[in-house]
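One structure is given below, encoded as structure tokens.
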Amino acid sequence: MTSGPMNSGCVLAGWACVALLTAMPASAGFPAKNVSLYAHLSVEDFDAEFAEDCWGYVSPSGREYAIIGLSTGTGFVEITDPTNPAIIDVVLTPNQGRDMKVFGHYVYSSSDAGPFHIIDVQDIDHGIVTLVNTIEGGTHNIAINEQSGFLYACVGGAMVVVSLADTINPELVAIWEGGAHDAQVVTYTDGPYAGREIAFVFAGWSQQVDIVDVTDKSEMFLVGSTTYPNAGYTHQGWLSEDRRYLYVKDELDDIQRTSILDVSDLSNPFPVGEFTTGLPSTDHNLYVRDGFVFEANYTSGLRVFDACDPVNPVEVGFFDTFPANDDPGFSGAWSTYPFYPSGTVIVSDRTGGLFILDVSAAIGGGCSTGDINGDGMVGIIDLLILLSAWGPCPDPPAPCPADLDGDGAVGVLDLLILLANWG
């Protein structure tokens, strides 16, 4: 392992030397709406040529870390203070670090050509990350079901199922022979599928989503399958939080859009709609949190959609990490991670590096509930806040929690949303 570049100053944190980088000013020349820049670390800051995927880790102390795949390996950055990120380390690999996921205090990182790295981050608060195992072979994407303790390696062809019962020495236990470019795997705890572990498999060139019951690894079986209009390459997707809908990205359909599937009946999934930014940029990865869809769409950067009406999401913010153009192609934002407790969102950009973003203005008071002050109810205080903020939101973008419909102003529609949720 080698630490990140020290050209921005170096201090001791525990036993390790970490690089401290000064945040760039808000937006810093990047086109944006309702999303502002906390900080930006370029690929040069990591001594790398390019970046690809990203993920996040929160230590038991509550400190937050970005994990980024680099041409040189897997990078770790503390972002607890998002305006002052600190590069902790880069775990080197002979090939690029493309995808990574977290289980407990271990990070599993790999690329198509491998090797597969297992990295212990239990001492990351002291500036220490430790490569504990290197496994030959690689995978394009990794999915982990933290409830079941299984890792699903999607190699573009078969999906390889691995037990993490021994976290440092994982064991291959099964192979799903159907095509798998990526997957989300969850365990249902209620309803008709309670107790079942289900994989939503994005099957690439087959142009479909396969829903696979993987509860019994020796008897995995296809529950249901569907496609959607004008499919090209079924790339990636994520469930709504109630698991009724699945939002799907297609990387090679020549259309910038997100397809919406109804998966409430796993044996009979079907498309119910789609939404778009209206830009020609190519799709890539998306995630869902608190009723909002966070998308990394290559040349058009991060796009945030309010999905409180889950079949009619509305764009409420963006941050363009690749301002040169919005053309189709594979430059720009590769992925995003919106799951930090603080609400900070990160984006990994292939040529731009790591972007640490404030999306509070985009998501406003939450999923259009009207609870502006966050006390669990909608009442007179929320009404007073809304009335005091009446009119256009600040420009340049700043937090505007009373803008419940995300249109950039506080007005009649926001008042109607608040009154509809009173109590």
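Numbering starts fresh at 1 for the residues of each chain in the structure tokens, the chains themselves are lettered A, B, ... in the order given, and ligands are numbered from 1 as they appear.
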Spatial neighbours of Leu279 (chain A), max dist 12 Å, only C-alpha atoms, sep filter under 2 positions, as number ranges by chain: A: 254-257, 275-277, 281-283, 297-301, 303, 320, 325-328
At a cut-off of 12 Å, using only C-alpha atoms, what residues contact Leu384 (chain A)? Leave out same-chain residues fewer than 2 positions from it and give the result as an mmCIF file with C-alpha atoms, in the first residue's frame.
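What ended up in result-v1.cif:
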```
data_model
loop_
_atom_site.group_PDB
_atom_site.id
_atom_site.type_symbol
_atom_site.label_atom_id
_atom_site.label_comp_id
_atom_site.auth_asym_id
_atom_site.auth_seq_id
_atom_site.Cartn_x
_atom_site.Cartn_y
_atom_site.Cartn_z
ATOM 1 C CA GLY A 370 -44.249 19.482 4.608
ATOM 2 C CA ASP A 371 -42.262 18.683 7.767
ATOM 3 C CA ILE A 372 -39.774 21.481 7.127
ATOM 4 C CA ASN A 373 -38.264 21.653 10.625
ATOM 5 C CA VAL A 378 -46.488 19.358 10.056
ATOM 6 C CA GLY A 379 -47.751 22.392 11.944
ATOM 7 C CA ILE A 380 -47.601 26.094 12.626
ATOM 8 C CA ILE A 381 -43.790 26.266 12.811
ATOM 9 C CA ASP A 382 -43.469 24.699 9.354
ATOM 10 C CA LEU A 386 -42.576 28.501 4.587
ATOM 11 C CA LEU A 387 -44.164 31.962 4.667
ATOM 12 C CA SER A 388 -40.908 33.608 5.737
ATOM 13 C CA ALA A 389 -39.126 31.982 2.763
ATOM 14 C CA TRP A 390 -41.802 32.947 0.208
ATOM 15 C CA ALA A 402 -39.414 25.208 2.235
ATOM 16 C CA LEU A 415 -48.202 25.755 0.680
ATOM 17 C CA LEU A 418 -47.814 21.528 3.517
#
```
Determine, for each residue of region 25-78 of chain A having at least one atom at most 12 Å from an atom of region 135-151 of chain A, the closest pair of atoms and their separation in Å to one decimal, counting only C-alpha atoms; order by chain and ascending number, as a Markdown table.
```
| residue | atom | partner | partner_atom | distance |
| --- | --- | --- | --- | --- |
| A:Glu52 | CA | A:His140 | CA | 11.3 |
| A:Asp53 | CA | A:Asn141 | CA | 9.5 |
| A:Cys54 | CA | A:Asn141 | CA | 11.6 |
| A:Trp55 | CA | A:Ile142 | CA | 11.2 |
| A:Gly69 | CA | A:Asn141 | CA | 11.8 |
```
Store the residues of this selection in a file with C-alpha atoms, as a PDB file, in the first residue's frame.
```pdb
ATOM      1  CA  GLU A  52     -14.420   4.639 -11.790  1.00  0.00           C
ATOM      2  CA  ASP A  53     -16.806   3.427  -9.051  1.00  0.00           C
ATOM      3  CA  CYS A  54     -17.351   4.687  -5.521  1.00  0.00           C
ATOM      4  CA  TRP A  55     -18.927   3.518  -2.267  1.00  0.00           C
ATOM      5  CA  GLY A  69     -11.919   3.014  -7.506  1.00  0.00           C
TER       6      GLY A  69
END
```
So that I can see what lies close to Asn312 (chain A), please list as a PyMOL selection string the residues with an atom at most 9 Å from it, counting only C-alpha atoms and leaving out residues fewer than 6 positions away in the same chain. chain A and resi 273-275+306
Test item: residues at most 10 Å from Val173 (chain A), only C-alpha atoms, excluding those fewer than 3 positions along its chain, as a ChimeraX atom specification: /A:150,160-163,170,217-218
Tell me which of A:Gly191, A:Asp216, A:Gly353, A:Asp375 sits closest to Asp47 (chain A), counting only C-alpha atoms.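 Closest residue, counting only C-alpha atoms: A:Gly353.
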Report as number ranges by chain all protein, DNA and RNA residues lying within 9 Å of Ala51 (chain A), evaluated on only C-alpha atoms, omitting residues in the same chain fewer than 6 positions from it. A: 43, 68-72, 96-98, 334, 348-354
Enumerate, as an MDAnalysis selection string, the complete set of residues in region 24-217 of chain A that a backbone-based DSSP assignment places in strand (DSSP E or B). chainID A and resid 32:33 36:41 51:58 64:70 73:78 86:92 99:103 106:110 116:120 130:135 141:145 150:154 159:163 171:176 182:187 197:202 204 209:213
Mind checking which residues fall within 9 Å of Asp405 (chain A), counting only C-alpha atoms, ignoring those fewer than 4 positions away in the same chain, and posting them as a list in words?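 My list of contacting residues is Asp306, Val314, Val316, Gly364, Ser368, Ala409, Val410, Leu413, Asp414 and Ile417 of chain A.
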Name all residues at most 9 Å from Val345 (chain A) (count only C-alpha atoms; drop same-chain ones fewer than 5 positions away) and give them as a PyMOL selection string. chain A and resi 336-340+355-359
Quick one, how far is CA of Val263 (chain A) from CA of Lys101 (chain A)?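 CA of Lys101 (chain A) lies 24.7 Å from CA of Val263 (chain A).
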From the list A:Leu246, A:Ala296, A:Val107, A:Ile211, which residue is nearest Pro310 (chain A) when using only C-alpha atoms?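 Ranking A:Leu246, A:Ala296, A:Val107, A:Ile211 by distance to Pro310 (chain A), first place goes to A:Leu246.
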So which residues of region 155-391 of chain A fall under helix (DSSP H, G or I) by DSSP, listed as a PyMOL selection string? chain A and resi 191-193+360-363+380-388
